[in-house]
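The file upload_39.cif comes next; it holds mmCIF, N, CA, C and O atoms.
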```
data_work
loop_
_atom_site.label_atom_id
_atom_site.label_comp_id
_atom_site.auth_asym_id
_atom_site.auth_seq_id
_atom_site.Cartn_x
_atom_site.Cartn_y
_atom_site.Cartn_z
N MET A 1 -38.79 -166.52 -67.03
CA MET A 1 -39.42 -166.21 -65.76
C MET A 1 -39.90 -167.52 -65.14
O MET A 1 -40.56 -168.31 -65.80
N ALA A 2 -39.54 -167.74 -63.89
CA ALA A 2 -39.94 -168.96 -63.19
C ALA A 2 -40.16 -168.65 -61.72
O ALA A 2 -39.60 -167.69 -61.19
N ILE A 3 -40.99 -169.46 -61.09
CA ILE A 3 -41.22 -169.38 -59.65
C ILE A 3 -40.88 -170.74 -59.06
O ILE A 3 -41.37 -171.76 -59.55
N VAL A 4 -40.06 -170.75 -58.02
CA VAL A 4 -39.75 -171.97 -57.29
C VAL A 4 -40.09 -171.73 -55.83
O VAL A 4 -39.60 -170.77 -55.23
N VAL A 5 -40.95 -172.57 -55.28
CA VAL A 5 -41.37 -172.45 -53.88
C VAL A 5 -40.80 -173.65 -53.13
O VAL A 5 -41.06 -174.80 -53.50
N ASP A 6 -40.01 -173.39 -52.08
CA ASP A 6 -39.43 -174.52 -51.36
C ASP A 6 -40.46 -175.13 -50.40
O ASP A 6 -41.55 -174.58 -50.18
N ASP A 7 -40.12 -176.29 -49.84
CA ASP A 7 -41.05 -177.04 -49.00
C ASP A 7 -41.50 -176.25 -47.77
O ASP A 7 -42.69 -176.25 -47.42
N ALA A 8 -40.57 -175.58 -47.11
CA ALA A 8 -40.92 -174.84 -45.89
C ALA A 8 -41.82 -173.65 -46.21
O ALA A 8 -42.77 -173.36 -45.46
N ALA A 9 -41.57 -172.97 -47.31
CA ALA A 9 -42.43 -171.85 -47.72
C ALA A 9 -43.83 -172.35 -48.07
O ALA A 9 -44.83 -171.74 -47.69
N SER A 10 -43.90 -173.46 -48.76
CA SER A 10 -45.20 -174.04 -49.10
C SER A 10 -46.00 -174.36 -47.84
O SER A 10 -47.20 -174.05 -47.75
N ALA A 11 -45.34 -174.94 -46.86
CA ALA A 11 -46.02 -175.26 -45.59
C ALA A 11 -46.50 -173.98 -44.91
O ALA A 11 -47.62 -173.93 -44.37
N TRP A 12 -45.69 -172.92 -44.92
CA TRP A 12 -46.07 -171.65 -44.30
C TRP A 12 -47.31 -171.08 -44.99
O TRP A 12 -48.26 -170.68 -44.32
N PHE A 13 -47.29 -171.00 -46.31
CA PHE A 13 -48.45 -170.45 -47.04
C PHE A 13 -49.71 -171.26 -46.75
O PHE A 13 -50.77 -170.69 -46.49
N ARG A 14 -49.62 -172.59 -46.80
CA ARG A 14 -50.79 -173.41 -46.55
C ARG A 14 -51.32 -173.23 -45.13
O ARG A 14 -52.53 -173.14 -44.91
N ARG A 15 -50.41 -173.10 -44.16
CA ARG A 15 -50.82 -172.91 -42.76
C ARG A 15 -51.37 -171.51 -42.52
O ARG A 15 -52.47 -171.35 -42.00
N GLU A 16 -50.61 -170.50 -42.90
CA GLU A 16 -51.00 -169.11 -42.57
C GLU A 16 -52.20 -168.61 -43.37
O GLU A 16 -52.99 -167.83 -42.86
N LEU A 17 -52.32 -169.03 -44.61
CA LEU A 17 -53.43 -168.58 -45.44
C LEU A 17 -54.57 -169.60 -45.48
O LEU A 17 -55.56 -169.40 -46.17
N GLU A 18 -54.38 -170.69 -44.73
CA GLU A 18 -55.38 -171.77 -44.67
C GLU A 18 -55.81 -172.20 -46.07
O GLU A 18 -56.99 -172.21 -46.41
N LEU A 19 -54.82 -172.55 -46.88
CA LEU A 19 -55.05 -172.86 -48.28
C LEU A 19 -55.48 -174.31 -48.49
O LEU A 19 -54.75 -175.23 -48.14
N PRO A 20 -56.64 -174.50 -49.07
CA PRO A 20 -57.05 -175.86 -49.44
C PRO A 20 -56.43 -176.25 -50.78
O PRO A 20 -55.90 -175.39 -51.51
N ALA A 21 -56.51 -177.51 -51.13
CA ALA A 21 -56.07 -177.94 -52.45
C ALA A 21 -56.83 -177.15 -53.50
O ALA A 21 -58.03 -176.89 -53.36
N GLY A 22 -56.12 -176.70 -54.53
CA GLY A 22 -56.73 -175.93 -55.60
C GLY A 22 -56.69 -174.43 -55.39
O GLY A 22 -57.11 -173.67 -56.27
N ALA A 23 -56.19 -173.97 -54.26
CA ALA A 23 -56.10 -172.53 -53.99
C ALA A 23 -55.00 -171.89 -54.81
O ALA A 23 -54.15 -172.57 -55.40
N GLY A 24 -54.99 -170.55 -54.85
CA GLY A 24 -53.96 -169.82 -55.57
C GLY A 24 -53.36 -168.71 -54.73
O GLY A 24 -54.04 -168.13 -53.88
N VAL A 25 -52.09 -168.43 -54.97
CA VAL A 25 -51.39 -167.31 -54.34
C VAL A 25 -50.78 -166.49 -55.46
O VAL A 25 -50.01 -167.01 -56.27
N ARG A 26 -51.16 -165.22 -55.51
CA ARG A 26 -50.65 -164.32 -56.55
C ARG A 26 -49.57 -163.42 -55.96
O ARG A 26 -49.76 -162.82 -54.91
N PHE A 27 -48.43 -163.36 -56.64
CA PHE A 27 -47.34 -162.47 -56.25
C PHE A 27 -47.41 -161.20 -57.10
O PHE A 27 -47.75 -161.26 -58.29
N PHE A 28 -47.04 -160.06 -56.50
CA PHE A 28 -47.06 -158.80 -57.23
C PHE A 28 -46.03 -157.86 -56.63
O PHE A 28 -45.53 -158.09 -55.52
N GLY A 29 -45.70 -156.81 -57.36
CA GLY A 29 -44.78 -155.80 -56.87
C GLY A 29 -45.56 -154.74 -56.13
O GLY A 29 -46.64 -154.34 -56.55
N LYS A 30 -45.04 -154.31 -54.99
CA LYS A 30 -45.71 -153.25 -54.24
C LYS A 30 -44.71 -152.15 -53.89
O LYS A 30 -43.52 -152.41 -53.73
N VAL A 31 -45.22 -150.96 -53.79
CA VAL A 31 -44.39 -149.79 -53.48
C VAL A 31 -43.90 -149.88 -52.04
O VAL A 31 -44.63 -150.34 -51.16
N TYR A 32 -42.69 -149.45 -51.82
CA TYR A 32 -41.97 -149.43 -50.55
C TYR A 32 -41.29 -150.76 -50.30
O TYR A 32 -41.80 -151.80 -50.63
N GLY A 33 -40.15 -150.67 -49.71
CA GLY A 33 -39.37 -151.86 -49.40
C GLY A 33 -38.23 -152.04 -50.38
O GLY A 33 -37.85 -151.12 -51.09
N GLN A 34 -37.73 -153.26 -50.41
CA GLN A 34 -36.58 -153.56 -51.26
C GLN A 34 -36.49 -155.05 -51.45
O GLN A 34 -36.81 -155.83 -50.56
N THR A 35 -36.05 -155.46 -52.63
CA THR A 35 -35.67 -156.84 -52.87
C THR A 35 -34.19 -156.82 -53.24
O THR A 35 -33.59 -155.75 -53.28
N ASN A 36 -33.64 -157.97 -53.55
CA ASN A 36 -32.23 -157.97 -53.94
C ASN A 36 -32.00 -157.36 -55.31
O ASN A 36 -30.87 -157.12 -55.70
N VAL A 37 -33.06 -157.05 -56.07
CA VAL A 37 -32.91 -156.41 -57.38
C VAL A 37 -33.80 -155.17 -57.57
O VAL A 37 -33.70 -154.51 -58.60
N HIS A 38 -34.67 -154.86 -56.61
CA HIS A 38 -35.56 -153.70 -56.70
C HIS A 38 -35.32 -152.78 -55.51
O HIS A 38 -35.31 -153.24 -54.38
N ASP A 39 -35.18 -151.49 -55.80
CA ASP A 39 -35.07 -150.52 -54.72
C ASP A 39 -36.37 -149.71 -54.71
O ASP A 39 -36.77 -149.17 -55.73
N GLY A 40 -37.02 -149.65 -53.56
CA GLY A 40 -38.28 -148.92 -53.45
C GLY A 40 -39.51 -149.77 -53.71
O GLY A 40 -40.63 -149.28 -53.66
N PHE A 41 -39.31 -151.06 -53.97
CA PHE A 41 -40.41 -151.98 -54.20
C PHE A 41 -40.13 -153.29 -53.46
O PHE A 41 -38.98 -153.69 -53.31
N SER A 42 -41.19 -153.96 -53.04
CA SER A 42 -41.04 -155.27 -52.43
C SER A 42 -42.08 -156.22 -53.03
O SER A 42 -42.91 -155.81 -53.83
N VAL A 43 -42.02 -157.47 -52.62
CA VAL A 43 -42.95 -158.47 -53.12
C VAL A 43 -44.18 -158.49 -52.23
O VAL A 43 -44.08 -158.58 -51.00
N GLY A 44 -45.32 -158.40 -52.85
CA GLY A 44 -46.58 -158.59 -52.15
C GLY A 44 -47.17 -159.92 -52.57
O GLY A 44 -46.81 -160.48 -53.62
N MET A 45 -48.06 -160.44 -51.76
CA MET A 45 -48.75 -161.68 -52.12
C MET A 45 -50.14 -161.63 -51.53
O MET A 45 -50.41 -160.97 -50.53
N THR A 46 -51.04 -162.33 -52.18
CA THR A 46 -52.41 -162.42 -51.71
C THR A 46 -53.01 -163.74 -52.18
O THR A 46 -52.58 -164.28 -53.21
N ARG A 47 -53.95 -164.23 -51.43
CA ARG A 47 -54.66 -165.41 -51.90
C ARG A 47 -55.59 -164.96 -53.02
O ARG A 47 -56.35 -164.01 -52.87
N ASP A 48 -55.48 -165.63 -54.15
CA ASP A 48 -56.31 -165.31 -55.31
C ASP A 48 -56.47 -166.60 -56.09
O ASP A 48 -55.57 -167.01 -56.82
N ASP A 49 -57.61 -167.24 -55.92
CA ASP A 49 -57.86 -168.54 -56.55
C ASP A 49 -58.26 -168.42 -58.02
O ASP A 49 -58.31 -169.42 -58.72
N ALA A 50 -58.54 -167.20 -58.49
CA ALA A 50 -58.98 -166.99 -59.87
C ALA A 50 -57.77 -166.72 -60.77
O ALA A 50 -57.48 -165.59 -61.11
N VAL A 51 -57.07 -167.77 -61.12
CA VAL A 51 -55.89 -167.65 -61.97
C VAL A 51 -56.39 -167.42 -63.40
O VAL A 51 -56.80 -168.36 -64.08
N GLU A 52 -56.39 -166.14 -63.84
CA GLU A 52 -56.99 -165.81 -65.14
C GLU A 52 -55.98 -165.54 -66.24
O GLU A 52 -56.15 -166.00 -67.36
N SER A 53 -54.96 -164.75 -65.97
CA SER A 53 -54.00 -164.41 -67.03
C SER A 53 -52.57 -164.48 -66.51
O SER A 53 -51.86 -163.49 -66.51
N PRO A 54 -52.14 -165.67 -66.09
CA PRO A 54 -50.79 -165.78 -65.54
C PRO A 54 -49.72 -165.67 -66.62
O PRO A 54 -49.90 -166.16 -67.73
N VAL A 55 -48.63 -164.98 -66.27
CA VAL A 55 -47.47 -164.96 -67.17
C VAL A 55 -46.48 -166.03 -66.73
O VAL A 55 -45.63 -166.44 -67.52
N VAL A 56 -46.60 -166.46 -65.50
CA VAL A 56 -45.80 -167.57 -64.98
C VAL A 56 -46.58 -168.18 -63.81
O VAL A 56 -47.28 -167.46 -63.08
N GLN A 57 -46.49 -169.48 -63.68
CA GLN A 57 -47.14 -170.15 -62.56
C GLN A 57 -46.44 -171.46 -62.27
O GLN A 57 -45.77 -172.02 -63.13
N THR A 58 -46.59 -171.90 -61.03
CA THR A 58 -46.08 -173.20 -60.62
C THR A 58 -47.06 -173.76 -59.60
O THR A 58 -47.75 -172.99 -58.92
N THR A 59 -47.11 -175.05 -59.49
CA THR A 59 -47.98 -175.68 -58.50
C THR A 59 -47.11 -176.49 -57.55
O THR A 59 -46.23 -177.23 -57.97
N LYS A 60 -47.36 -176.29 -56.27
CA LYS A 60 -46.64 -177.02 -55.23
C LYS A 60 -47.65 -177.42 -54.17
O LYS A 60 -48.42 -176.57 -53.70
N ASP A 61 -47.69 -178.67 -53.80
CA ASP A 61 -48.62 -179.17 -52.79
C ASP A 61 -50.06 -178.76 -53.09
O ASP A 61 -50.81 -178.35 -52.20
N GLN A 62 -50.43 -178.85 -54.35
CA GLN A 62 -51.79 -178.58 -54.84
C GLN A 62 -52.22 -177.12 -54.69
O GLN A 62 -53.40 -176.82 -54.70
N VAL A 63 -51.26 -176.21 -54.58
CA VAL A 63 -51.53 -174.77 -54.55
C VAL A 63 -50.80 -174.15 -55.74
O VAL A 63 -49.64 -174.47 -56.00
N THR A 64 -51.49 -173.26 -56.47
CA THR A 64 -50.88 -172.59 -57.61
C THR A 64 -50.32 -171.24 -57.18
O THR A 64 -51.04 -170.42 -56.59
N TYR A 65 -49.06 -171.03 -57.44
CA TYR A 65 -48.37 -169.76 -57.16
C TYR A 65 -48.13 -169.10 -58.51
O TYR A 65 -47.61 -169.76 -59.42
N TYR A 66 -48.48 -167.82 -58.65
CA TYR A 66 -48.40 -167.22 -59.97
C TYR A 66 -48.23 -165.71 -59.93
O TYR A 66 -48.40 -165.06 -58.90
N VAL A 67 -47.90 -165.17 -61.10
CA VAL A 67 -47.84 -163.73 -61.38
C VAL A 67 -48.77 -163.50 -62.55
O VAL A 67 -48.68 -164.22 -63.55
N ASP A 68 -49.68 -162.53 -62.44
CA ASP A 68 -50.55 -162.27 -63.59
C ASP A 68 -49.96 -161.19 -64.48
O ASP A 68 -48.98 -160.54 -64.14
N SER A 69 -50.58 -161.01 -65.62
CA SER A 69 -50.03 -160.12 -66.65
C SER A 69 -49.91 -158.67 -66.18
O SER A 69 -49.03 -157.94 -66.65
N ASN A 70 -50.74 -158.23 -65.26
CA ASN A 70 -50.65 -156.84 -64.76
C ASN A 70 -49.37 -156.57 -63.99
O ASN A 70 -48.96 -155.42 -63.85
N ASP A 71 -48.75 -157.62 -63.46
CA ASP A 71 -47.55 -157.45 -62.65
C ASP A 71 -46.29 -157.99 -63.32
O ASP A 71 -45.24 -158.09 -62.68
N ALA A 72 -46.39 -158.32 -64.60
CA ALA A 72 -45.24 -158.88 -65.31
C ALA A 72 -44.04 -157.95 -65.28
O ALA A 72 -42.89 -158.41 -65.22
N TRP A 73 -44.24 -156.64 -65.29
CA TRP A 73 -43.14 -155.66 -65.30
C TRP A 73 -42.19 -155.88 -64.11
O TRP A 73 -40.99 -155.71 -64.26
N PHE A 74 -42.72 -156.27 -62.96
CA PHE A 74 -41.93 -156.41 -61.76
C PHE A 74 -41.03 -157.65 -61.81
O PHE A 74 -39.96 -157.68 -61.21
N PHE A 75 -41.47 -158.65 -62.53
CA PHE A 75 -40.79 -159.95 -62.57
C PHE A 75 -40.07 -160.19 -63.90
O PHE A 75 -39.41 -161.21 -64.06
N ASP A 76 -40.18 -159.25 -64.84
CA ASP A 76 -39.64 -159.42 -66.18
C ASP A 76 -38.13 -159.69 -66.14
O ASP A 76 -37.37 -158.94 -65.52
N GLY A 77 -37.71 -160.76 -66.79
CA GLY A 77 -36.30 -161.11 -66.87
C GLY A 77 -35.74 -161.75 -65.61
O GLY A 77 -34.53 -161.94 -65.50
N LEU A 78 -36.63 -162.10 -64.67
CA LEU A 78 -36.18 -162.62 -63.38
C LEU A 78 -36.86 -163.93 -63.03
O LEU A 78 -38.01 -164.16 -63.39
N ASP A 79 -36.16 -164.76 -62.30
CA ASP A 79 -36.74 -165.94 -61.68
C ASP A 79 -36.89 -165.64 -60.20
O ASP A 79 -36.06 -164.94 -59.61
N LEU A 80 -37.95 -166.15 -59.60
CA LEU A 80 -38.24 -165.90 -58.19
C LEU A 80 -38.13 -167.19 -57.39
O LEU A 80 -38.80 -168.17 -57.71
N ALA A 81 -37.29 -167.17 -56.36
CA ALA A 81 -37.18 -168.29 -55.41
C ALA A 81 -37.86 -167.85 -54.12
O ALA A 81 -37.50 -166.82 -53.54
N VAL A 82 -38.86 -168.62 -53.70
CA VAL A 82 -39.59 -168.32 -52.47
C VAL A 82 -39.14 -169.31 -51.41
O VAL A 82 -39.27 -170.53 -51.58
N GLY A 83 -38.57 -168.77 -50.34
CA GLY A 83 -38.09 -169.59 -49.23
C GLY A 83 -38.82 -169.24 -47.96
O GLY A 83 -39.87 -168.58 -47.98
N TYR A 84 -38.25 -169.66 -46.85
CA TYR A 84 -38.88 -169.43 -45.55
C TYR A 84 -37.80 -169.10 -44.52
O TYR A 84 -36.78 -169.77 -44.44
N ASP A 85 -38.05 -168.04 -43.75
CA ASP A 85 -37.17 -167.62 -42.66
C ASP A 85 -37.83 -168.05 -41.35
O ASP A 85 -38.80 -167.43 -40.91
N ALA A 86 -37.32 -169.11 -40.73
CA ALA A 86 -37.92 -169.66 -39.51
C ALA A 86 -37.80 -168.68 -38.34
O ALA A 86 -38.71 -168.62 -37.50
N LYS A 87 -36.73 -167.92 -38.29
CA LYS A 87 -36.54 -166.96 -37.20
C LYS A 87 -37.62 -165.88 -37.22
O LYS A 87 -38.14 -165.49 -36.18
N ARG A 88 -37.96 -165.42 -38.41
CA ARG A 88 -38.97 -164.36 -38.56
C ARG A 88 -40.36 -164.93 -38.84
O ARG A 88 -41.33 -164.19 -38.87
N ASP A 89 -40.44 -166.23 -39.09
CA ASP A 89 -41.68 -166.92 -39.43
C ASP A 89 -42.39 -166.21 -40.58
O ASP A 89 -43.55 -165.80 -40.49
N GLU A 90 -41.66 -166.08 -41.71
CA GLU A 90 -42.23 -165.43 -42.88
C GLU A 90 -41.51 -165.91 -44.14
O GLU A 90 -40.39 -166.40 -44.07
N PRO A 91 -42.16 -165.75 -45.28
CA PRO A 91 -41.50 -166.14 -46.53
C PRO A 91 -40.38 -165.17 -46.89
O PRO A 91 -40.37 -164.02 -46.45
N THR A 92 -39.45 -165.67 -47.67
CA THR A 92 -38.37 -164.85 -48.22
C THR A 92 -38.48 -164.91 -49.74
O THR A 92 -38.98 -165.88 -50.30
N TYR A 93 -37.99 -163.86 -50.38
CA TYR A 93 -38.06 -163.77 -51.84
C TYR A 93 -36.68 -163.40 -52.36
O TYR A 93 -36.08 -162.44 -51.90
N HIS A 94 -36.19 -164.18 -53.31
CA HIS A 94 -34.89 -163.90 -53.89
C HIS A 94 -35.00 -164.01 -55.41
O HIS A 94 -35.50 -165.00 -55.94
N PHE A 95 -34.55 -162.97 -56.09
CA PHE A 95 -34.61 -162.91 -57.55
C PHE A 95 -33.24 -163.20 -58.15
O PHE A 95 -32.22 -162.78 -57.61
N THR A 96 -33.26 -163.89 -59.28
CA THR A 96 -32.06 -164.07 -60.09
C THR A 96 -32.42 -163.77 -61.54
O THR A 96 -33.51 -164.12 -62.00
N PRO A 97 -31.53 -163.09 -62.26
CA PRO A 97 -31.79 -162.84 -63.68
C PRO A 97 -31.86 -164.16 -64.43
O PRO A 97 -31.12 -165.10 -64.13
N ASN A 98 -32.76 -164.25 -65.40
CA ASN A 98 -32.86 -165.49 -66.18
C ASN A 98 -32.21 -165.36 -67.55
O ASN A 98 -32.49 -166.14 -68.45
N ASP A 99 -31.31 -164.39 -67.69
CA ASP A 99 -30.61 -164.20 -68.96
C ASP A 99 -29.14 -164.60 -68.89
O ASP A 99 -28.35 -164.28 -69.77
N GLY A 100 -28.76 -165.28 -67.81
CA GLY A 100 -27.38 -165.71 -67.66
C GLY A 100 -26.51 -164.71 -66.92
O GLY A 100 -25.37 -165.01 -66.60
N SER A 101 -27.02 -163.52 -66.65
CA SER A 101 -26.23 -162.53 -65.91
C SER A 101 -26.33 -162.81 -64.42
O SER A 101 -27.06 -163.70 -63.99
N THR A 102 -25.59 -162.05 -63.64
CA THR A 102 -25.64 -162.17 -62.19
C THR A 102 -26.09 -160.84 -61.61
O THR A 102 -26.14 -159.83 -62.30
N VAL A 103 -26.41 -160.85 -60.33
CA VAL A 103 -26.84 -159.64 -59.65
C VAL A 103 -25.72 -159.16 -58.74
O VAL A 103 -25.16 -159.94 -57.97
N ASP A 104 -25.38 -157.88 -58.84
CA ASP A 104 -24.41 -157.26 -57.95
C ASP A 104 -25.00 -157.23 -56.55
O ASP A 104 -26.06 -156.65 -56.33
N ALA A 105 -24.35 -157.85 -55.59
CA ALA A 105 -24.88 -157.95 -54.23
C ALA A 105 -24.98 -156.61 -53.54
O ALA A 105 -25.76 -156.45 -52.60
N VAL A 106 -24.23 -155.62 -53.99
CA VAL A 106 -24.27 -154.30 -53.35
C VAL A 106 -25.34 -153.42 -53.97
O VAL A 106 -26.21 -152.91 -53.28
N SER A 107 -25.33 -153.28 -55.28
CA SER A 107 -26.26 -152.35 -55.93
C SER A 107 -27.55 -153.02 -56.37
O SER A 107 -28.54 -152.35 -56.59
N GLY A 108 -27.54 -154.33 -56.53
CA GLY A 108 -28.71 -155.02 -57.05
C GLY A 108 -28.77 -154.97 -58.57
O GLY A 108 -29.69 -155.50 -59.16
N ALA A 109 -27.81 -154.33 -59.20
CA ALA A 109 -27.81 -154.20 -60.65
C ALA A 109 -27.39 -155.52 -61.29
O ALA A 109 -26.60 -156.27 -60.74
N SER A 110 -27.94 -155.76 -62.46
CA SER A 110 -27.59 -156.95 -63.23
C SER A 110 -26.23 -156.75 -63.88
O SER A 110 -25.94 -155.68 -64.40
N LYS A 111 -25.40 -157.80 -63.84
CA LYS A 111 -24.07 -157.75 -64.46
C LYS A 111 -23.98 -158.89 -65.48
O LYS A 111 -24.39 -160.00 -65.20
N HIS A 112 -23.40 -158.59 -66.63
CA HIS A 112 -23.22 -159.64 -67.67
C HIS A 112 -21.83 -160.18 -67.66
O HIS A 112 -20.90 -159.70 -67.27
#
```

As C-alpha cells, how would this structure be written, given the file I've shared?
Amino acid sequence: MAIVVDDAASAWFRRELELPAGAGVRFFGKVYGQTNVHDGFSVGMTRDDAVESPVVQTTKDQVTYYVDSNDAWFFDGLDLAVGYDAKRDEPTYHFTPNDGSTVDAVSGASKH
C-alpha cells in the first residue's frame, strides 16, 4: 500500500485547505460514488493533523497524507495515486493493485 501525491495535487490541497507545514490530510472510503476499482464507494478526504494510527503515509511539501487503520479495508492491496484535474479544479484518485495484477478498465476487477 502506497500513496503518491503529484505536485499539482499537493498545491491544490495546500491552497484549498490552507495547510501549513506539519498539517495532515486523511484519506478514507465513503459510501456513494465510484473509483476505478470500487463500485458504490469513492475517496473522501479531510484535514486531520492528528496522525495516530496510519497504515500508510507519505509526506509531500511538509504535509502528511495518510490512511488510518479504520479505513485500511478500502485501500487494502492497492496503491493510491493522487493527481489534479485542472478543468474541474479538484483532486483525482487512481488505484492500482500492488500485487502485480492489473485492473480491468471496464469492470474494475483485478486481473492476474

Find the spatial neighbours of A:Phe27, counting all atoms listed in the file, within a cut-off of 7 Å - ignore same-chain residues fewer than 6 positions away - and output them as JSON, numbers by chain. {"A": [43, 44, 45, 46, 65, 66, 67, 68, 71]}

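Matched in the shown structure by the PyMOL selection byres ((chain A and resi 69) around 7): A:Ser53, A:Pro54, A:Val55, A:Val56, A:Val67, A:Asp68, A:Asn70, A:Asp71, A:Ala72, A:Trp73.
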
Selection export as a PDB file, in the coordinates of the input, atoms kept: N, CA, C and O atoms:
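The new file again24.pdb reads:
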```pdb
ATOM      1  N   SER A  53     -54.960-164.750 -65.970  1.00  0.00           N
ATOM      2  CA  SER A  53     -54.000-164.410 -67.030  1.00  0.00           C
ATOM      3  C   SER A  53     -52.570-164.480 -66.510  1.00  0.00           C
ATOM      4  O   SER A  53     -51.860-163.490 -66.510  1.00  0.00           O
ATOM      5  N   PRO A  54     -52.140-165.670 -66.090  1.00  0.00           N
ATOM      6  CA  PRO A  54     -50.790-165.780 -65.540  1.00  0.00           C
ATOM      7  C   PRO A  54     -49.720-165.670 -66.620  1.00  0.00           C
ATOM      8  O   PRO A  54     -49.900-166.160 -67.730  1.00  0.00           O
ATOM      9  N   VAL A  55     -48.630-164.980 -66.270  1.00  0.00           N
ATOM     10  CA  VAL A  55     -47.470-164.960 -67.170  1.00  0.00           C
ATOM     11  C   VAL A  55     -46.480-166.030 -66.730  1.00  0.00           C
ATOM     12  O   VAL A  55     -45.630-166.440 -67.520  1.00  0.00           O
ATOM     13  N   VAL A  56     -46.600-166.460 -65.500  1.00  0.00           N
ATOM     14  CA  VAL A  56     -45.800-167.570 -64.980  1.00  0.00           C
ATOM     15  C   VAL A  56     -46.580-168.180 -63.810  1.00  0.00           C
ATOM     16  O   VAL A  56     -47.280-167.460 -63.080  1.00  0.00           O
ATOM     17  N   VAL A  67     -47.900-165.170 -61.100  1.00  0.00           N
ATOM     18  CA  VAL A  67     -47.840-163.730 -61.380  1.00  0.00           C
ATOM     19  C   VAL A  67     -48.770-163.500 -62.550  1.00  0.00           C
ATOM     20  O   VAL A  67     -48.680-164.220 -63.550  1.00  0.00           O
ATOM     21  N   ASP A  68     -49.680-162.530 -62.440  1.00  0.00           N
ATOM     22  CA  ASP A  68     -50.550-162.270 -63.590  1.00  0.00           C
ATOM     23  C   ASP A  68     -49.960-161.190 -64.480  1.00  0.00           C
ATOM     24  O   ASP A  68     -48.980-160.540 -64.140  1.00  0.00           O
ATOM     25  N   ASN A  70     -50.740-158.230 -65.260  1.00  0.00           N
ATOM     26  CA  ASN A  70     -50.650-156.840 -64.760  1.00  0.00           C
ATOM     27  C   ASN A  70     -49.370-156.570 -63.990  1.00  0.00           C
ATOM     28  O   ASN A  70     -48.960-155.420 -63.850  1.00  0.00           O
ATOM     29  N   ASP A  71     -48.750-157.620 -63.460  1.00  0.00           N
ATOM     30  CA  ASP A  71     -47.550-157.450 -62.650  1.00  0.00           C
ATOM     31  C   ASP A  71     -46.290-157.990 -63.320  1.00  0.00           C
ATOM     32  O   ASP A  71     -45.240-158.090 -62.680  1.00  0.00           O
ATOM     33  N   ALA A  72     -46.390-158.320 -64.600  1.00  0.00           N
ATOM     34  CA  ALA A  72     -45.240-158.880 -65.310  1.00  0.00           C
ATOM     35  C   ALA A  72     -44.040-157.950 -65.280  1.00  0.00           C
ATOM     36  O   ALA A  72     -42.890-158.410 -65.220  1.00  0.00           O
ATOM     37  N   TRP A  73     -44.240-156.640 -65.290  1.00  0.00           N
ATOM     38  CA  TRP A  73     -43.140-155.660 -65.300  1.00  0.00           C
ATOM     39  C   TRP A  73     -42.190-155.880 -64.110  1.00  0.00           C
ATOM     40  O   TRP A  73     -40.990-155.710 -64.260  1.00  0.00           O
TER      41      TRP A  73
END
```

A:Ala9 surroundings by only N, CA, C and O atoms, 6 Å radius, close-in-sequence under 6 positions cut, as a PyMOL selection string: chain A and resi 82-84+91

Result set of the PyMOL selection byres (((chain A and resi 75-80 and name CA) around 6) and name CA) on the coordinates above, as a tab-separated table (two decimals) with N, CA, C and O atoms, in the coordinates of the input:
```tsv
chain	number	residue	atom	x	y	z
A	1	MET	N	-38.79	-166.52	-67.03
A	1	MET	CA	-39.42	-166.21	-65.76
A	1	MET	C	-39.90	-167.52	-65.14
A	1	MET	O	-40.56	-168.31	-65.80
A	2	ALA	N	-39.54	-167.74	-63.89
A	2	ALA	CA	-39.94	-168.96	-63.19
A	2	ALA	C	-40.16	-168.65	-61.72
A	2	ALA	O	-39.60	-167.69	-61.19
A	3	ILE	N	-40.99	-169.46	-61.09
A	3	ILE	CA	-41.22	-169.38	-59.65
A	3	ILE	C	-40.88	-170.74	-59.06
A	3	ILE	O	-41.37	-171.76	-59.55
A	72	ALA	N	-46.39	-158.32	-64.60
A	72	ALA	CA	-45.24	-158.88	-65.31
A	72	ALA	C	-44.04	-157.95	-65.28
A	72	ALA	O	-42.89	-158.41	-65.22
A	73	TRP	N	-44.24	-156.64	-65.29
A	73	TRP	CA	-43.14	-155.66	-65.30
A	73	TRP	C	-42.19	-155.88	-64.11
A	73	TRP	O	-40.99	-155.71	-64.26
A	74	PHE	N	-42.72	-156.27	-62.96
A	74	PHE	CA	-41.93	-156.41	-61.76
A	74	PHE	C	-41.03	-157.65	-61.81
A	74	PHE	O	-39.96	-157.68	-61.21
A	81	ALA	N	-37.29	-167.17	-56.36
A	81	ALA	CA	-37.18	-168.29	-55.41
A	81	ALA	C	-37.86	-167.85	-54.12
A	81	ALA	O	-37.50	-166.82	-53.54
A	94	HIS	N	-36.19	-164.18	-53.31
A	94	HIS	CA	-34.89	-163.90	-53.89
A	94	HIS	C	-35.00	-164.01	-55.41
A	94	HIS	O	-35.50	-165.00	-55.94
A	95	PHE	N	-34.55	-162.97	-56.09
A	95	PHE	CA	-34.61	-162.91	-57.55
A	95	PHE	C	-33.24	-163.20	-58.15
A	95	PHE	O	-32.22	-162.78	-57.61
A	96	THR	N	-33.26	-163.89	-59.28
A	96	THR	CA	-32.06	-164.07	-60.09
A	96	THR	C	-32.42	-163.77	-61.54
A	96	THR	O	-33.51	-164.12	-62.00
A	97	PRO	N	-31.53	-163.09	-62.26
A	97	PRO	CA	-31.79	-162.84	-63.68
A	97	PRO	C	-31.86	-164.16	-64.43
A	97	PRO	O	-31.12	-165.10	-64.13
A	98	ASN	N	-32.76	-164.25	-65.40
A	98	ASN	CA	-32.86	-165.49	-66.18
A	98	ASN	C	-32.21	-165.36	-67.55
A	98	ASN	O	-32.49	-166.14	-68.45
```

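Atom C of A:Glu18 to atom O of A:Lys60 spans 11.5 Å [interatomic distance, one decimal].
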
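Straight-line separation from atom CA of A:Ala23 to atom C of A:Asp61: 8.7 Å.
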
Residues of chain A classed as strand (DSSP E) by DSSP on the backbone are to be reported as a PyMOL selection string. chain A and resi 2-5+24-34+39-47+54-60+63-68+78-85+90-97+102-103+110-111
